[in-house]
Each structure stands twice: as structure tokens, then as C-alpha cells.
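Take a look at the structure set out below.
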Amino acid sequence: MVNIGVLVSGSGTNLQSIIDEIEAGRLDASIKVVVSNKADAYALERARKHNIPVAVVRVKDFPGKEAFDAEVLRVLKEYGVELVVLAGFMRIITRVLLDAFHMKVMNIHPSLLPSFPGLEVQKAALEYGVKFSGCTVHFVDDGVDTGPVIVQAVVPVKDEDTVESLSKRILAEEHRIYTRAIQLYSEGRLEVRGRRVFVRDAKAPSGAVENPGAD
Ligand code: GRF
């Protein structure tokens, strides 16, 4: 069992999948608090519906990034959070949080890192013309989308894809692998050695995939 704090800014579908997996008894975690930098984030509604404590920390109420993070840290500590889960949190976090939660902050990113870090990455992947994209769960370090990779899932890019259809296909995998990564953490099965994260007793996938498939 792990006590988690989820940081959000928007719609919170990843938060919802974490809530659902916990309630279904498939994820050994407890969401102690949901923190948003946006008072109107729909993610907050999702948390309230499930009686999860919420906190809004507004950027404009603090003189800088460190002061903002110090307040987020205070809230996380108050609720006894052990693992910080960034779920659509649209801010770059500082050393204030990273030092307090060294290799205990996870993020989900909708591309196969290190390809397409940053924003609007599904559009970037389509425009580049890659045949596969996907999503990455990683520990957060002080770069942007650069931390050690925990789990990745691959999805094909189809000829007829739009940004919306590709994003939807990736999002479904985000929900799957994020809850899985948190469960692996909860079971104590993640071991970070330098940039590499090893998952104890994990099955290695076999074979390769290609797109377009062979006739
Ligand atoms: C997801 O695509 C996530 O990878 C990215 O922001 C989006 C958040 O979606 N960081 P949601 O708020 O969980 O619905």
C-alpha cells in the first residue's frame, strides 16, 4: 500500500482511472489528497465525488516557482503523501519538491520519450510522420520529460488519424500503464539504477512490431 498525492490541472481522466482501479481493488494505493493549480479543474470534481480531500494552490498567490512548490510540499506532507503522481499537471516542478521526494515523483507523458517532449506532442508525432507513438511513465528529475523511464506503451499511428483520434488511442494506454506503474511502486518492485528502472519479476515482451504490417 502506498499513500499518494495526485497533482492535476485539467480534466483528470488519469486521476479517474487511478480512483477506479483503487475502488476495484486492483491498485494498492490510497489517494490522500488531490492538489490543483487551477480552481476550476474538472479533476477536482472527480476527487470530491469520491470524498478525496482537495487543495487548490494558485500560482498567482506566490512570488515564484519555489514558493509555490513549498506550499504544495506543505500540503503533501500534511496528508502523509509518500509518492507524488503528476496527472496532467501543467507546471514544471522545482528542486523544492524533487529534493523532498527524490525518485518519488512520477509523471505520464503522451509520447514515447525521449521523442516529443514538451507540449502538443500528439500533433508533433503526427506531423513528423512516425508510425508508432505511445506514452511513457517516468520518474521526474529536474529536466523536462527527461527522468528515468518506468513503463512505456506503444500504439500505431494510422493513416486516417487526427490529433484527436491519436490522442484518444494514447490516453487509453496512459490510463492502463499509469495505474500499473503505481502498483509496481506500491509492491516495491521498482529499482532505479542511474537512468534505468528495473522491474523485479517482470515479463519481457517478445518479438517486434511493425507498422504498416507485412502483407
Ligand atoms: C494526458 O495526456 C497526460 O499525458 C498529459 O496531460 C493529459 C492529462 O489528461 N500530461 P487528464 O487530465 O489525465 O485527462
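Ordering of the C-alpha cells sets the chain letters (A, B, ...); residue numbers start at 1 within each chain; ligands are numbered from 1 in the order shown.
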
Worksheet item: How would you write, as an MDAnalysis selection string, the set of residues no farther than 8 Å from ligand 1 when counting only C-alpha atoms and all ligand atoms?
Response: chainID A and resid 8:16 43 86:90 107:110 135 167 170:171 174

May I have the residues from that selection written out with N, CA, C and O atoms, as a tab-separated table (two decimals), in the first residue's frame?
chain	number	residue	atom	x	y	z
A	8	VAL	N	-2.86	17.85	-10.34
A	8	VAL	CA	-3.65	17.97	-11.57
A	8	VAL	C	-3.77	19.44	-11.97
A	8	VAL	O	-3.57	20.34	-11.15
A	9	SER	N	-4.16	19.63	-13.24
A	9	SER	CA	-4.50	20.98	-13.71
A	9	SER	C	-5.76	20.98	-14.56
A	9	SER	O	-6.32	22.04	-14.84
A	10	GLY	N	-6.19	19.79	-15.01
A	10	GLY	CA	-7.24	19.79	-16.03
A	10	GLY	C	-8.32	18.76	-15.81
A	10	GLY	O	-8.86	18.62	-14.70
A	11	SER	N	-8.61	18.00	-16.86
A	11	SER	CA	-9.82	17.16	-16.84
A	11	SER	C	-9.71	15.95	-15.91
A	11	SER	O	-10.70	15.48	-15.37
A	12	GLY	N	-8.51	15.44	-15.72
A	12	GLY	CA	-8.33	14.41	-14.70
A	12	GLY	C	-8.78	13.02	-15.08
A	12	GLY	O	-9.19	12.25	-14.21
A	13	THR	N	-8.66	12.65	-16.35
A	13	THR	CA	-9.04	11.27	-16.69
A	13	THR	C	-8.04	10.28	-16.12
A	13	THR	O	-8.42	9.16	-15.75
A	14	ASN	N	-6.78	10.68	-16.04
A	14	ASN	CA	-5.81	9.77	-15.40
A	14	ASN	C	-6.12	9.62	-13.91
A	14	ASN	O	-6.04	8.52	-13.37
A	15	LEU	N	-6.47	10.72	-13.27
A	15	LEU	CA	-6.89	10.64	-11.87
A	15	LEU	C	-8.07	9.67	-11.73
A	15	LEU	O	-8.10	8.82	-10.85
A	16	GLN	N	-9.03	9.80	-12.64
A	16	GLN	CA	-10.22	8.94	-12.58
A	16	GLN	C	-9.83	7.46	-12.69
A	16	GLN	O	-10.38	6.61	-11.97
A	43	ALA	N	-10.87	17.85	-12.67
A	43	ALA	CA	-10.28	16.80	-11.82
A	43	ALA	C	-10.72	16.97	-10.36
A	43	ALA	O	-10.91	15.97	-9.65
A	86	LEU	N	1.99	13.00	-10.87
A	86	LEU	CA	1.59	14.13	-11.71
A	86	LEU	C	0.65	13.60	-12.79
A	86	LEU	O	1.01	12.70	-13.56
A	87	ALA	N	-0.55	14.12	-12.82
A	87	ALA	CA	-1.54	13.62	-13.78
A	87	ALA	C	-2.16	14.80	-14.52
A	87	ALA	O	-3.16	15.37	-14.09
A	88	GLY	N	-1.48	15.20	-15.58
A	88	GLY	CA	-1.94	16.37	-16.32
A	88	GLY	C	-1.67	17.65	-15.55
A	88	GLY	O	-2.43	18.61	-15.63
A	89	PHE	N	-0.59	17.67	-14.78
A	89	PHE	CA	-0.20	18.85	-14.00
A	89	PHE	C	0.68	19.71	-14.91
A	89	PHE	O	1.78	19.30	-15.28
A	90	MET	N	0.17	20.88	-15.28
A	90	MET	CA	0.81	21.65	-16.34
A	90	MET	C	1.84	22.65	-15.79
A	90	MET	O	1.86	23.82	-16.16
A	107	ASN	N	5.47	10.89	-13.50
A	107	ASN	CA	4.70	11.66	-14.49
A	107	ASN	C	4.28	10.73	-15.61
A	107	ASN	O	4.94	9.72	-15.87
A	108	ILE	N	3.19	11.10	-16.28
A	108	ILE	CA	2.78	10.39	-17.50
A	108	ILE	C	2.90	11.39	-18.64
A	108	ILE	O	2.48	12.54	-18.52
A	109	HIS	N	3.48	10.91	-19.74
A	109	HIS	CA	3.68	11.80	-20.90
A	109	HIS	C	3.17	11.09	-22.16
A	109	HIS	O	3.49	9.92	-22.37
A	110	PRO	N	2.40	11.81	-22.99
A	110	PRO	CA	1.77	11.13	-24.14
A	110	PRO	C	2.64	11.00	-25.39
A	110	PRO	O	2.21	11.29	-26.50
A	135	CYS	N	2.95	6.23	-24.94
A	135	CYS	CA	3.05	7.03	-23.72
A	135	CYS	C	4.13	6.45	-22.82
A	135	CYS	O	4.51	5.28	-22.96
A	167	SER	N	-4.72	11.00	-29.96
A	167	SER	CA	-4.68	11.31	-28.51
A	167	SER	C	-5.55	10.35	-27.73
A	167	SER	O	-5.18	9.90	-26.63
A	170	ILE	N	-3.87	6.99	-27.42
A	170	ILE	CA	-2.76	7.07	-26.44
A	170	ILE	C	-3.31	7.17	-25.02
A	170	ILE	O	-2.82	6.50	-24.10
A	171	LEU	N	-4.36	7.97	-24.84
A	171	LEU	CA	-4.91	8.19	-23.50
A	171	LEU	C	-5.40	6.88	-22.86
A	171	LEU	O	-5.20	6.66	-21.66
A	174	GLU	N	-2.45	5.38	-21.51
A	174	GLU	CA	-1.98	6.12	-20.33
A	174	GLU	C	-2.66	5.59	-19.08
A	174	GLU	O	-2.04	5.33	-18.06

With a cut-off of 6 Å, could you pull out the residues of stretch 82-187 of chain A touching stretch 195-215 of chain A and give me the nearest pair of atoms for each, distance in Å to one decimal, using only C-alpha atoms, ordered by chain and ascending number, as JSON lines?
{"residue": "A:Lys131", "atom": "CA", "partner": "A:Asn211", "partner_atom": "CA", "distance": 5.9}
{"residue": "A:Pro148", "atom": "CA", "partner": "A:Arg195", "partner_atom": "CA", "distance": 4.9}
{"residue": "A:Ile150", "atom": "CA", "partner": "A:Val197", "partner_atom": "CA", "distance": 5.7}

Selection from above, N, CA and C atoms, as a compact mmCIF listing (two decimals), in the first residue's frame, can you write it?
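Generated output (part_29.txt):
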# COMPACT_ATOMS: atom_id res chain seq x y z
N LYS A 131 5.40 6.14 -37.29
CA LYS A 131 4.42 5.05 -37.46
C LYS A 131 3.92 4.50 -36.13
N PRO A 148 14.09 8.97 -15.48
CA PRO A 148 14.15 7.54 -15.78
C PRO A 148 12.78 6.93 -16.13
N ILE A 150 9.87 4.30 -16.58
CA ILE A 150 9.37 3.15 -15.81
C ILE A 150 8.62 2.17 -16.71

Worksheet item: Using the chain letters and numbers from this document, which residues of chain A does DSSP assign to helix (DSSP H, G or I), as an MDAnalysis selection string?
Response: chainID A and resid 13:23 42:49 59:61 65:78 95:100 121:128 163:186

Worksheet item: Interatomic distance between atom CA of A:Ala100 and atom CA of A:Glu120?
Response: 29.5 Å

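Proximity ranking of A:Arg74, A:His175, A:Lys38, A:Arg26 relative to A:Met1 places A:Arg26 first, based on only C-alpha atoms.
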
Discussion item. One decimal, in Å: what's the spacing between atom CA of A:Val84 and atom CA of A:Ile4?
Written reply: 5.8 Å

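Residues in contact with stretch 78-82 of chain A at up to 9 Å, not including ones fewer than 4 positions away on its chain and judged by only C-alpha atoms, are A:Val2, A:Asn3, A:Ile4, A:Gly5, A:Ile31, A:Lys32, A:Val33, A:Leu73, A:Arg74, A:Phe101, A:Lys104.
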
Worksheet item: Which one of A:Tyr128, A:Asp40, A:Asp99, A:Val54 sits closest to A:Glu66 if you count only C-alpha atoms?
Response: A:Asp99

Practice prompt. Write out as a PyMOL selection string each polymer residue whose atoms come within 9 Å of A:Val149, counting only C-alpha atoms; drop sequence neighbours fewer than 2 positions from it.
Written response: chain A and resi 113+136-139+146-147+151-152+195-197

Worksheet item: Any idea what's packed within 8 Å of A:Val154, counting only C-alpha atoms, ignoring anything in its chain fewer than 6 positions away? Could you give it as JSON, numbers by chain?
Response: {"A": [112, 132, 133, 134, 135]}

Would you write out those residues with N, CA and C atoms, as an mmCIF file, in the first residue's frame?
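Generated file (again-v4.cif):
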data_model
loop_
_atom_site.group_PDB
_atom_site.id
_atom_site.type_symbol
_atom_site.label_atom_id
_atom_site.label_comp_id
_atom_site.auth_asym_id
_atom_site.auth_seq_id
_atom_site.Cartn_x
_atom_site.Cartn_y
_atom_site.Cartn_z
ATOM 1 N N LEU A 112 6.414 8.530 -26.803
ATOM 2 C CA LEU A 112 7.470 7.588 -26.438
ATOM 3 C C LEU A 112 8.742 8.394 -26.231
ATOM 4 N N PHE A 132 4.628 4.825 -35.084
ATOM 5 C CA PHE A 132 4.190 4.447 -33.738
ATOM 6 C C PHE A 132 4.344 5.650 -32.823
ATOM 7 N N SER A 133 3.426 5.762 -31.894
ATOM 8 C CA SER A 133 3.650 6.662 -30.779
ATOM 9 C C SER A 133 3.220 5.919 -29.521
ATOM 10 N N GLY A 134 2.901 6.632 -28.472
ATOM 11 C CA GLY A 134 2.516 5.926 -27.262
ATOM 12 C C GLY A 134 2.628 6.826 -26.067
ATOM 13 N N CYS A 135 2.949 6.228 -24.936
ATOM 14 C CA CYS A 135 3.049 7.033 -23.722
ATOM 15 C C CYS A 135 4.127 6.448 -22.819
#

Worksheet item: DSSP says strand (DSSP E) for which residues of stretch 15-213 of chain A? Put them as number ranges by chain?
Response: A: 29-36, 54-56, 83-86, 105-109, 132-139, 149-156, 190-193, 196-199

Any chance you can output those residues with N, CA and C atoms as a short mmCIF file (atom, residue, chain, number, x, y, z; two decimals), in the first residue's frame?
data_model
loop_
_atom_site.label_atom_id
_atom_site.label_comp_id
_atom_site.auth_asym_id
_atom_site.auth_seq_id
_atom_site.Cartn_x
_atom_site.Cartn_y
_atom_site.Cartn_z
N ALA A 29 -3.26 1.42 -3.38
CA ALA A 29 -2.83 2.78 -3.09
C ALA A 29 -3.99 3.52 -2.46
N SER A 30 -3.65 4.61 -1.79
CA SER A 30 -4.69 5.45 -1.21
C SER A 30 -4.39 6.89 -1.61
N ILE A 31 -5.38 7.54 -2.22
CA ILE A 31 -5.16 8.95 -2.62
C ILE A 31 -5.46 9.82 -1.41
N LYS A 32 -4.41 10.40 -0.85
CA LYS A 32 -4.58 11.20 0.37
C LYS A 32 -5.05 12.60 0.06
N VAL A 33 -4.63 13.13 -1.08
CA VAL A 33 -5.04 14.49 -1.46
C VAL A 33 -4.83 14.68 -2.96
N VAL A 34 -5.71 15.50 -3.55
CA VAL A 34 -5.54 15.93 -4.94
C VAL A 34 -5.26 17.43 -4.90
N VAL A 35 -4.16 17.84 -5.50
CA VAL A 35 -3.77 19.25 -5.50
C VAL A 35 -3.85 19.78 -6.93
N SER A 36 -4.51 20.93 -7.07
CA SER A 36 -4.63 21.55 -8.39
C SER A 36 -4.12 22.99 -8.33
N VAL A 54 -9.22 17.77 -1.34
CA VAL A 54 -8.61 18.52 -2.44
C VAL A 54 -7.99 19.80 -1.89
N ALA A 55 -6.98 20.30 -2.60
CA ALA A 55 -6.37 21.59 -2.26
C ALA A 55 -6.10 22.33 -3.55
N VAL A 56 -6.40 23.62 -3.54
CA VAL A 56 -6.08 24.46 -4.70
C VAL A 56 -4.94 25.38 -4.28
N LEU A 83 4.20 9.11 -2.32
CA LEU A 83 4.50 9.13 -3.76
C LEU A 83 3.66 10.22 -4.41
N VAL A 84 4.32 11.07 -5.20
CA VAL A 84 3.63 12.17 -5.87
C VAL A 84 3.37 11.76 -7.32
N VAL A 85 2.10 11.85 -7.72
CA VAL A 85 1.70 11.41 -9.05
C VAL A 85 1.23 12.64 -9.85
N LEU A 86 1.99 13.00 -10.87
CA LEU A 86 1.59 14.13 -11.71
C LEU A 86 0.65 13.60 -12.79
N VAL A 105 8.51 11.02 -7.45
CA VAL A 105 7.55 11.80 -8.25
C VAL A 105 7.46 11.12 -9.60
N MET A 106 6.24 10.74 -9.99
CA MET A 106 6.02 10.10 -11.29
C MET A 106 5.23 11.04 -12.19
N ASN A 107 5.47 10.89 -13.50
CA ASN A 107 4.70 11.66 -14.49
C ASN A 107 4.28 10.73 -15.61
N ILE A 108 3.19 11.10 -16.28
CA ILE A 108 2.78 10.39 -17.50
C ILE A 108 2.90 11.39 -18.64
N HIS A 109 3.48 10.91 -19.74
CA HIS A 109 3.68 11.80 -20.90
C HIS A 109 3.17 11.09 -22.16
N PHE A 132 4.63 4.83 -35.08
CA PHE A 132 4.19 4.45 -33.74
C PHE A 132 4.34 5.65 -32.82
N SER A 133 3.43 5.76 -31.89
CA SER A 133 3.65 6.66 -30.78
C SER A 133 3.22 5.92 -29.52
N GLY A 134 2.90 6.63 -28.47
CA GLY A 134 2.52 5.93 -27.26
C GLY A 134 2.63 6.83 -26.07
N CYS A 135 2.95 6.23 -24.94
CA CYS A 135 3.05 7.03 -23.72
C CYS A 135 4.13 6.45 -22.82
N THR A 136 4.56 7.30 -21.91
CA THR A 136 5.68 6.96 -21.04
C THR A 136 5.36 7.36 -19.60
N VAL A 137 5.53 6.44 -18.67
CA VAL A 137 5.53 6.81 -17.25
C VAL A 137 6.99 6.88 -16.83
N HIS A 138 7.36 7.99 -16.20
CA HIS A 138 8.76 8.14 -15.79
C HIS A 138 8.84 8.82 -14.43
N PHE A 139 9.96 8.59 -13.76
CA PHE A 139 10.24 9.38 -12.57
C PHE A 139 10.67 10.77 -13.03
N VAL A 149 12.78 6.16 -17.21
CA VAL A 149 11.54 5.59 -17.75
C VAL A 149 11.13 4.34 -16.97
N ILE A 150 9.87 4.30 -16.58
CA ILE A 150 9.37 3.15 -15.81
C ILE A 150 8.62 2.17 -16.71
N VAL A 151 7.63 2.67 -17.44
CA VAL A 151 6.84 1.82 -18.36
C VAL A 151 6.52 2.65 -19.60
N GLN A 152 6.52 1.99 -20.75
CA GLN A 152 6.04 2.64 -21.97
C GLN A 152 5.04 1.71 -22.65
N ALA A 153 4.07 2.30 -23.33
CA ALA A 153 3.15 1.53 -24.18
C ALA A 153 3.17 2.17 -25.56
N VAL A 154 3.10 1.30 -26.55
CA VAL A 154 3.21 1.73 -27.95
C VAL A 154 1.86 1.61 -28.62
N VAL A 155 1.48 2.61 -29.39
CA VAL A 155 0.28 2.50 -30.22
C VAL A 155 0.65 2.83 -31.66
N PRO A 156 -0.05 2.21 -32.63
CA PRO A 156 0.23 2.55 -34.02
C PRO A 156 -0.37 3.90 -34.39
N LEU A 190 10.10 -1.56 -8.07
CA LEU A 190 10.88 -0.69 -8.95
C LEU A 190 12.25 -0.40 -8.34
N GLU A 191 13.26 -0.60 -9.15
CA GLU A 191 14.62 -0.31 -8.68
C GLU A 191 15.30 0.62 -9.69
N VAL A 192 15.69 1.79 -9.22
CA VAL A 192 16.31 2.78 -10.12
C VAL A 192 17.82 2.65 -10.00
N ARG A 193 18.45 2.39 -11.16
CA ARG A 193 19.93 2.38 -11.20
C ARG A 193 20.36 3.33 -12.29
N ARG A 196 18.25 3.84 -15.54
CA ARG A 196 17.42 2.67 -15.84
C ARG A 196 16.58 2.25 -14.64
N VAL A 197 15.35 1.91 -14.95
CA VAL A 197 14.45 1.43 -13.90
C VAL A 197 14.19 -0.04 -14.16
N PHE A 198 14.52 -0.87 -13.21
CA PHE A 198 14.31 -2.30 -13.35
C PHE A 198 13.06 -2.70 -12.56
N VAL A 199 12.26 -3.56 -13.19
CA VAL A 199 11.03 -4.03 -12.55
C VAL A 199 11.24 -5.48 -12.15
#
